[in-house]
Structures are given as structure tokens and as C-alpha cells.
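Structure file final-v7.txt; described as compact mmCIF, C-alpha atoms and all ligand atoms.
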# COMPACT_ATOMS: atom_id res chain seq x y z
CA MET L 828 -12.60 2.12 -41.99
CA SER L 829 -11.74 -0.14 -39.06
CA ASP L 830 -8.18 -1.22 -40.01
CA ALA L 831 -6.99 2.33 -40.51
CA ASN L 832 -8.68 3.38 -37.28
CA VAL L 833 -6.58 0.89 -35.36
CA THR L 834 -3.47 2.52 -36.83
CA LYS L 835 -4.76 5.94 -35.87
CA THR L 836 -5.49 4.80 -32.33
CA GLN L 837 -1.92 3.59 -32.02
CA LEU L 838 -0.65 6.93 -33.27
CA GLY L 839 -2.73 8.79 -30.71
CA PHE L 840 -3.41 12.50 -30.82
CA ASN L 841 -0.33 13.15 -32.87
CA LEU L 842 -0.98 16.78 -33.76
CA LEU L 843 -1.37 18.00 -30.17
CA PRO L 844 -0.65 20.47 -28.78
CA ILE L 845 -2.05 22.91 -31.32
CA GLU L 846 -0.74 26.39 -30.63
CA LEU L 847 -1.65 29.81 -31.92
CA CYS L 848 1.22 32.12 -31.00
CA SER L 849 0.39 35.87 -31.14
CA VAL L 850 -1.56 35.42 -34.37
CA PHE L 851 -2.61 38.58 -36.22
CA PHE L 852 -4.48 38.48 -39.51
CA GLN L 853 -5.77 41.32 -41.61
CA LYS L 854 -7.46 41.86 -44.98
CA SER L 855 -7.80 45.14 -46.84
CA GLY L 856 -6.19 46.94 -43.91
CA VAL L 857 -8.79 45.61 -41.45
CA ARG L 858 -7.54 43.57 -38.52
CA LEU L 859 -9.72 40.47 -38.36
CA ILE L 860 -7.71 38.34 -35.90
CA ASP L 861 -6.12 40.42 -33.21
CA GLY L 862 -3.25 38.81 -31.33
CA VAL L 863 -4.68 35.38 -30.52
CA SER L 864 -2.47 33.15 -28.38
CA VAL L 865 -3.72 29.82 -27.12
CA THR L 866 -2.57 26.24 -26.63
CA LEU L 867 -5.06 23.46 -27.31
CA ASN L 868 -4.00 20.27 -25.64
CA SER L 869 -7.22 18.49 -24.76
CA ARG L 870 -8.26 15.31 -26.48
CA GLY L 871 -11.86 16.31 -26.06
CA ILE L 872 -13.88 18.39 -28.47
CA THR L 873 -13.00 22.09 -28.64
CA VAL L 874 -15.82 24.45 -29.57
CA ILE L 875 -15.41 27.95 -30.96
CA LEU L 876 -18.17 30.35 -29.92
CA GLY L 877 -18.76 33.99 -30.74
CA PRO L 878 -21.23 36.32 -32.47
CA ASN L 879 -21.57 36.67 -36.25
CA GLY L 880 -18.51 38.30 -37.78
CA ALA L 881 -16.30 37.66 -34.73
CA GLY L 882 -13.62 35.87 -36.75
CA LYS L 883 -14.46 32.24 -36.00
CA SER L 884 -14.35 30.99 -39.59
CA ILE L 885 -11.13 32.88 -40.24
CA LEU L 886 -9.59 31.33 -37.15
CA LEU L 887 -10.51 27.87 -38.43
CA ARG L 888 -9.03 28.72 -41.85
CA LEU L 889 -5.82 29.85 -40.15
CA LEU L 890 -5.68 26.56 -38.25
CA HIS L 891 -6.14 24.63 -41.49
CA GLY L 892 -3.47 26.67 -43.28
CA LEU L 893 -5.90 28.17 -45.80
CA GLU L 894 -4.92 31.60 -44.56
CA THR L 895 -1.48 32.66 -43.37
CA PRO L 896 -1.08 34.92 -40.35
CA ASN L 897 0.39 38.38 -40.99
CA GLU L 898 2.17 37.95 -37.69
CA GLY L 899 2.56 34.99 -35.37
CA THR L 900 2.52 31.26 -36.00
CA VAL L 901 0.27 28.22 -35.87
CA LEU L 902 2.09 25.17 -34.55
CA PHE L 903 1.23 21.49 -34.38
CA LYS L 904 3.32 19.65 -31.83
CA GLY L 905 5.77 22.54 -31.94
CA VAL L 906 6.19 22.83 -35.71
CA VAL L 907 4.57 24.78 -38.55
CA ALA L 908 2.35 22.52 -40.66
CA ASP L 909 4.13 20.87 -43.58
CA GLU L 910 2.39 18.75 -46.23
CA THR L 911 2.41 15.67 -43.97
CA ILE L 912 0.67 17.54 -41.15
CA LYS L 913 -1.79 19.16 -43.58
CA ARG L 914 -2.75 15.74 -44.93
CA LYS L 915 -3.74 14.69 -41.41
CA GLN L 916 -6.34 17.45 -41.25
CA ALA L 917 -9.74 17.88 -42.85
CA MET L 918 -12.12 20.80 -42.79
CA VAL L 919 -15.83 21.10 -43.52
CA PHE L 920 -16.78 24.58 -44.64
CA GLN L 921 -19.77 26.71 -43.75
CA ASN L 922 -21.00 26.62 -47.37
CA ALA L 923 -20.88 23.18 -48.92
CA VAL L 924 -19.46 22.78 -52.42
CA LEU L 925 -20.18 19.46 -54.08
CA LEU L 926 -19.33 17.96 -57.45
CA ARG L 927 -22.01 17.65 -60.15
CA ARG L 928 -21.99 13.92 -59.61
CA SER L 929 -23.91 11.39 -57.57
CA VAL L 930 -23.72 11.29 -53.80
CA MET L 931 -21.50 8.17 -53.91
CA GLU L 932 -19.28 9.61 -56.66
CA ASN L 933 -18.63 12.65 -54.50
CA LEU L 934 -17.08 10.25 -52.01
CA SER L 935 -15.37 7.90 -54.46
CA PHE L 936 -13.76 10.82 -56.30
CA VAL L 937 -12.06 11.93 -53.09
CA ALA L 938 -11.38 8.35 -51.95
CA ASN L 939 -9.47 7.66 -55.18
CA LEU L 940 -7.16 10.55 -54.40
CA TYR L 941 -6.01 8.63 -51.35
CA LYS L 942 -6.22 4.95 -52.11
CA PRO L 943 -8.72 2.66 -53.76
CA GLN L 944 -11.56 2.20 -51.29
CA GLN L 945 -13.89 -0.73 -50.94
CA PRO L 946 -17.30 0.53 -52.09
CA SER L 947 -18.79 -1.04 -48.94
CA ASN L 948 -16.59 1.23 -46.78
CA LEU L 949 -17.91 4.28 -48.53
CA LEU L 950 -21.45 2.98 -48.20
CA GLU L 951 -20.78 2.47 -44.50
CA LEU L 952 -19.63 6.07 -44.30
CA LEU L 953 -22.76 7.26 -46.10
CA ALA L 954 -24.85 5.23 -43.66
CA GLU L 955 -23.13 7.00 -40.75
CA VAL L 956 -24.51 10.30 -42.01
CA GLY L 957 -27.87 8.80 -43.00
CA LEU L 958 -27.39 9.02 -46.76
CA ALA L 959 -26.90 5.39 -47.82
CA GLU L 960 -30.27 5.29 -49.55
CA LYS L 961 -29.44 8.40 -51.56
CA GLN L 962 -26.13 7.12 -52.91
CA HIS L 963 -27.22 7.30 -56.57
CA MET L 964 -28.93 10.68 -56.35
CA PRO L 965 -27.22 13.73 -57.90
CA ALA L 966 -25.50 15.40 -54.95
CA ARG L 967 -26.71 18.83 -55.98
CA ARG L 968 -30.33 17.72 -55.53
CA LEU L 969 -29.79 16.95 -51.87
CA SER L 970 -31.38 19.27 -49.33
CA GLY L 971 -29.16 21.78 -47.50
CA GLY L 972 -28.86 19.59 -44.42
CA GLU L 973 -28.18 16.48 -46.51
CA LYS L 974 -25.41 18.31 -48.39
CA GLN L 975 -23.86 19.28 -45.09
CA ARG L 976 -23.90 15.65 -43.95
CA LEU L 977 -22.36 14.53 -47.25
CA CYS L 978 -19.57 17.09 -46.80
CA LEU L 979 -18.84 15.65 -43.37
CA ALA L 980 -18.71 12.12 -44.77
CA ARG L 981 -16.37 13.35 -47.53
CA ALA L 982 -14.06 14.92 -44.94
CA LEU L 983 -13.82 11.61 -43.08
CA ILE L 984 -12.47 9.66 -46.07
CA SER L 985 -8.90 10.68 -45.31
CA GLN L 986 -9.38 9.55 -41.70
CA PRO L 987 -8.12 12.87 -40.38
CA GLU L 988 -6.44 13.21 -37.01
CA LEU L 989 -7.70 16.77 -36.82
CA LEU L 990 -11.22 17.59 -37.98
CA LEU L 991 -12.19 21.26 -38.31
CA LEU L 992 -15.91 21.87 -38.73
CA ASP L 993 -17.56 25.21 -39.46
CA GLU L 994 -21.11 25.02 -38.12
CA PRO L 995 -21.59 21.36 -39.08
CA THR L 996 -25.14 21.11 -37.78
CA ALA L 997 -26.40 24.61 -38.61
CA SER L 998 -29.17 23.50 -40.98
CA LEU L 999 -29.89 20.06 -39.62
CA ASP L 1000 -33.15 18.81 -38.11
CA PRO L 1001 -33.03 17.49 -34.52
CA TYR L 1002 -32.71 13.85 -35.59
CA SER L 1003 -29.79 14.67 -37.92
CA VAL L 1004 -28.14 16.81 -35.25
CA GLN L 1005 -28.23 13.83 -32.93
CA MET L 1006 -26.82 11.56 -35.64
CA ILE L 1007 -23.91 13.93 -36.29
CA GLU L 1008 -23.24 14.47 -32.60
CA THR L 1009 -23.10 10.69 -32.09
CA LEU L 1010 -20.67 10.44 -35.00
CA LEU L 1011 -18.46 13.21 -33.59
CA ILE L 1012 -18.32 11.51 -30.19
CA LYS L 1013 -17.39 8.23 -31.88
CA LEU L 1014 -14.63 9.96 -33.88
CA GLN L 1015 -13.29 11.59 -30.74
CA HIS L 1016 -13.11 8.18 -29.08
CA GLN L 1017 -11.14 7.00 -32.11
CA ASN L 1018 -8.57 9.72 -31.36
CA THR L 1019 -9.67 12.38 -33.80
CA LYS L 1020 -9.17 15.86 -32.40
CA ILE L 1021 -12.28 17.86 -33.29
CA ILE L 1022 -12.55 21.64 -33.30
CA PHE L 1023 -15.89 23.02 -34.37
CA ILE L 1024 -17.82 26.24 -34.58
CA THR L 1025 -21.41 26.36 -33.44
CA HIS L 1026 -24.03 28.88 -32.35
CA ASP L 1027 -25.88 26.20 -30.41
CA LEU L 1028 -25.11 26.69 -26.72
CA ASN L 1029 -26.84 23.48 -25.68
CA GLN L 1030 -24.77 21.57 -28.21
CA SER L 1031 -21.65 23.17 -26.75
CA ARG L 1032 -22.68 22.04 -23.29
CA ARG L 1033 -23.29 18.52 -24.61
CA LEU L 1034 -20.10 18.09 -26.61
CA ALA L 1035 -17.37 20.54 -25.68
CA GLU L 1036 -14.53 19.80 -23.32
CA ASP L 1037 -13.19 23.31 -23.75
CA ILE L 1038 -14.41 26.47 -25.46
CA LEU L 1039 -12.73 29.34 -27.26
CA PHE L 1040 -14.82 32.49 -27.14
CA ILE L 1041 -13.96 34.96 -29.91
CA TYR L 1042 -15.15 38.54 -30.07
CA LYS L 1043 -13.99 41.15 -32.58
CA GLY L 1044 -11.04 38.99 -33.58
CA ARG L 1045 -9.82 38.65 -30.02
CA LEU L 1046 -9.74 35.55 -27.85
CA GLU L 1047 -11.85 36.69 -24.93
CA ALA L 1048 -12.00 33.40 -23.08
CA PHE L 1049 -10.57 29.91 -23.27
CA GLN L 1050 -12.02 27.70 -20.57
CA PRO L 1051 -13.28 24.22 -19.85
CA ALA L 1052 -16.90 24.16 -21.06
CA ASP L 1053 -18.42 23.72 -17.58
CA SER L 1054 -16.48 26.64 -16.21
CA LEU L 1055 -17.31 28.92 -19.15
CA PHE L 1056 -21.03 28.37 -18.70
CA GLU L 1057 -20.82 28.68 -14.93
CA LYS L 1058 -18.37 31.56 -14.58
CA PRO L 1059 -17.09 33.01 -17.85
CA ASP L 1060 -13.71 34.74 -17.67
CA SER L 1061 -14.95 37.48 -20.00
CA GLU L 1062 -17.82 39.94 -19.65
CA PHE L 1063 -18.38 39.57 -23.39
CA ALA L 1064 -18.68 35.80 -23.08
CA LYS L 1065 -21.15 36.24 -20.22
CA ALA L 1066 -23.25 38.66 -22.28
CA PHE L 1067 -23.12 36.27 -25.26
CA ILE L 1068 -24.29 33.29 -23.22
CA GLU L 1069 -27.11 35.38 -21.80
CA GLY L 1070 -28.14 36.49 -25.30
CA ARG L 1071 -27.17 40.12 -24.75
CA LEU L 1072 -24.16 40.45 -27.07
CA ILE L 1073 -24.17 41.50 -30.71
CA PHE L 1074 -21.04 42.09 -32.75
N1 LIG B 1 -11.48 38.77 -47.34
C1 LIG B 1 -11.98 39.58 -46.42
N2 LIG B 1 -11.79 40.92 -46.48
C2 LIG B 1 -12.31 41.74 -45.55
N3 LIG B 1 -13.01 41.33 -44.50
C3 LIG B 1 -13.24 40.02 -44.39
C4 LIG B 1 -12.73 39.06 -45.33
N4 LIG B 1 -13.12 37.83 -44.95
C5 LIG B 1 -13.83 38.00 -43.82
N5 LIG B 1 -13.91 39.29 -43.49
C6 LIG B 1 -14.59 39.87 -42.32
O1 LIG B 1 -14.02 39.29 -41.18
C7 LIG B 1 -15.01 39.19 -40.15
C8 LIG B 1 -14.98 37.82 -39.55
O2 LIG B 1 -15.44 36.89 -40.51
P1 LIG B 1 -15.73 35.37 -40.15
O3 LIG B 1 -16.26 34.75 -41.39
O4 LIG B 1 -14.55 34.75 -39.54
O5 LIG B 1 -16.88 35.54 -39.05
P2 LIG B 1 -17.58 34.42 -38.19
O6 LIG B 1 -17.22 34.64 -36.76
O7 LIG B 1 -17.32 33.08 -38.76
O8 LIG B 1 -19.13 34.82 -38.33
P3 LIG B 1 -20.45 33.90 -38.61
O9 LIG B 1 -20.93 33.44 -37.26
O10 LIG B 1 -21.42 34.87 -39.21
O11 LIG B 1 -20.09 32.80 -39.55
C9 LIG B 1 -16.33 39.57 -40.79
O12 LIG B 1 -16.70 40.86 -40.39
C10 LIG B 1 -16.06 39.52 -42.27
O13 LIG B 1 -16.81 40.46 -42.98
MG MG B 2 -18.41 31.75 -39.85

Can you dump the structure from the file as C-alpha cells?
Amino acid sequence: MSDANVTKTQLGFNLLPIELCSVFFQKSGVRLIDGVSVTLNSRGITVILGPNGAGKSILLRLLHGLETPNEGTVLFKGVVADETIKRKQAMVFQNAVLLRRSVMENLSFVANLYKPQQPSNLLELLAEVGLAEKQHMPARRLSGGEKQRLCLARALISQPELLLLDEPTASLDPYSVQMIETLLIKLQHQNTKIIFITHDLNQSRRLAEDILFIYKGRLEAFQPADSLFEKPDSEFAKAFIEGRLIF
């Protein structure tokens, strides 16, 4: 991993700023993202908060180009994502899908799509998510939390400059949460822009530089993390933080 990381460090945060410009998105006549405009320019971790069904996962899919806005645009450094920009991104989904192969083969299959990897590098990657000892196990026999960690490792193979994570620690035990948080901080220091969804407010306080608060498809607040927790710009965000808001 290290050689390529040096290259990435030299490149810097090449996809910033990330802009959503008046983005509207609907399905079956229902408006799910309702005029979101925001510019993300921080090198720190950006967290997306909001109640169930608010539109967080859809927003992440729009950022990754898996969904196309009905109106508005998503820009990276001022341009719509082309194949080159898309290749610099990786996303980990809320529901993990793994190949019916071993843990290691799930990584090597993806690695071979990019370039031949040294097996030791992949083992190193598995060790980072605490799965080195399970490398030969069928991936589908892993526990839910282990599958989630394998999906994160798989996403890191392409050494993305932008990492989009949909509730990456939702089913992890406290030790694994800490392991993943340490990994995310390390990646951020290696110039990976990270945007992730979580329902864990303490985790947001620990990791986020800034926070997007989404409610009913609308961006209700976009603030530095400290300021959001201290004095949220939105009544909805305040109610959410205090545990009073449902969708
Ligand atoms: N293809 C679709 N057609 C119609 N509605 C959809 C479609 N996909 C998602 N939705 C609706 O859009 C809303 C937002 O979904 P989304 O998955 O983004 O929520 P979320 O904020 O990620 O919630 P959670 O915290 O539960 O993961 C939900 O009410 C969902 O039912
Ligand atoms: Mg979701």
C-alpha cells in the first residue's frame, strides 16, 4: 500500500471541492432529495446524520454517481464525474454483498481488476480490519460485523481519494468500532476524503470535522461538528440530537 499512498499524498485532496448544486431526486413521483445545495471543502471527515428514511443513503448514491439527479448537478472540483473521477471513489454499502469465495479471494478478485497485488499487501489490508486469521474462510460464513469490515477492506484496494461509507460500524462491537475508527483517521491523514453516514452521535463527535444533517430529503444543517452539537442551525437537528425527532 505504501508506495501508492505516497503518490496519493502528492496528489492531495484532488476531488475537492465536492458540490451538490440544487439537487432534486425523485422515484415513483415521490421527491426523496429536495433541493440540496452544499459545498464540501474540508479535508476532515464529513458525517451525514438524519433519522431513518431521511435520504442519507440516496444522497451518498448520488455522490457516487449510482443515481442521477432529476435536477441539479454533483461536481468534483467544478466538473461532473467522468470515468477517471469515478475510479478515484469507492463506496461501502449499508448491506454487504460478498462473493461466494474465501475472504482473501474477495479481495484478490477486486485487486486483479486494478493491478496484480502482492498477496502480502492484501494480507496487510485484512490485518487492518482484523480479518487476517480468517483469510481462508468462506466470506459468506463471516459474521455480520466481519462482513462489514471485509467490505471496507475491499473498498480500500483501489486506494480511493474519496471514500463513501454507509453506516460502516453499524453492527460492530466496541473493539471493532475502535479499529475501524483508527483506520478511518489513518486514511484521512493519507489524504483520503471520507464521507460517512452514522447514527452514532458520539462517533460523530469523535470523528467529524463537519456534519450534514438531512431531514425529509432536505439539507437542514451543514456545520462544523462542534458547532452543530453546541448550537444547531436547525430546530430539526436540535430535536434529533436530543432524541426527540422521528421521520
Ligand atoms: N426506489 C425507491 N422508490 C421509492 N422510494 C424510495 C426508493 N429508494 C428509497 N426510497 C425511499 O426514500 C427514503 C430515503 O431512503 P434512504 O435509504 O436514503 O434513507 P436513509 O436516510 O438512508 O435511512 P436509514 O437511516 O434507515 O438507512 C425512504 O423513505 C425510502 O423508502
Ligand atoms: Mg440508509

Hey, what's within 7 Å of Leu979 in chain L if we count all atoms listed in the file and toss same-chain stuff fewer than 4 positions away? As a PyMOL selection string, please?
chain L and resi 919+975+983

Hey, can you check how far CA of Asn897 in chain L sits from CA of Asp1060 in chain L?
27.5 Å

Could I get the residue neighbourhood of ligand LIG 1 (chain B) at 9 Å, counting all atoms listed in the file, as a JSON list (two decimals) with C-alpha atoms, keeping the file's coordinate frame?
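Written output follows (pocket32.json):
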[["chain", "number", "residue", "atom", "x", "y", "z"],
["L", 853, "GLN", "CA", -5.77, 41.32, -41.61],
["L", 854, "LYS", "CA", -7.46, 41.86, -44.98],
["L", 855, "SER", "CA", -7.80, 45.14, -46.84],
["L", 856, "GLY", "CA", -6.19, 46.94, -43.91],
["L", 857, "VAL", "CA", -8.79, 45.61, -41.45],
["L", 858, "ARG", "CA", -7.54, 43.57, -38.52],
["L", 859, "LEU", "CA", -9.72, 40.47, -38.36],
["L", 860, "ILE", "CA", -7.71, 38.34, -35.90],
["L", 876, "LEU", "CA", -18.17, 30.35, -29.92],
["L", 877, "GLY", "CA", -18.76, 33.99, -30.74],
["L", 878, "PRO", "CA", -21.23, 36.32, -32.47],
["L", 879, "ASN", "CA", -21.57, 36.67, -36.25],
["L", 880, "GLY", "CA", -18.51, 38.30, -37.78],
["L", 881, "ALA", "CA", -16.30, 37.66, -34.73],
["L", 882, "GLY", "CA", -13.62, 35.87, -36.75],
["L", 883, "LYS", "CA", -14.46, 32.24, -36.00],
["L", 884, "SER", "CA", -14.35, 30.99, -39.59],
["L", 885, "ILE", "CA", -11.13, 32.88, -40.24],
["L", 886, "LEU", "CA", -9.59, 31.33, -37.15],
["L", 887, "LEU", "CA", -10.51, 27.87, -38.43],
["L", 888, "ARG", "CA", -9.03, 28.72, -41.85],
["L", 921, "GLN", "CA", -19.77, 26.71, -43.75],
["L", 993, "ASP", "CA", -17.56, 25.21, -39.46],
["L", 994, "GLU", "CA", -21.11, 25.02, -38.12],
["L", 1024, "ILE", "CA", -17.82, 26.24, -34.58],
["L", 1025, "THR", "CA", -21.41, 26.36, -33.44],
["L", 1026, "HIS", "CA", -24.03, 28.88, -32.35],
["L", 1041, "ILE", "CA", -13.96, 34.96, -29.91],
["L", 1042, "TYR", "CA", -15.15, 38.54, -30.07],
["L", 1043, "LYS", "CA", -13.99, 41.15, -32.58],
["L", 1044, "GLY", "CA", -11.04, 38.99, -33.58],
["L", 1074, "PHE", "CA", -21.04, 42.09, -32.75]]

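Restricting the calculation to all atoms listed in the file, the smallest distance between ligand MG 2 (chain B) and any of L:Asn922, L:Ser998, L:Ser849, L:Asn1029 is found for L:Asn922.
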
Which centre and edge lengths in Å to one decimal define the box along x, y and z that fits every listed atom of range 1057-1063 of chain L plus 8 Å per side, as lines of an AutoDock Vina configuration file?
center_x = -17.3
center_y = 34.3
center_z = -19.0
size_x = 23.1
size_y = 27.3
size_z = 24.8

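The smallest atom-to-atom distance between Arg870 in chain L and any of L:Phe840, L:Tyr941, L:Phe1067, L:Phe936, using all atoms listed in the file, is found for L:Phe840.
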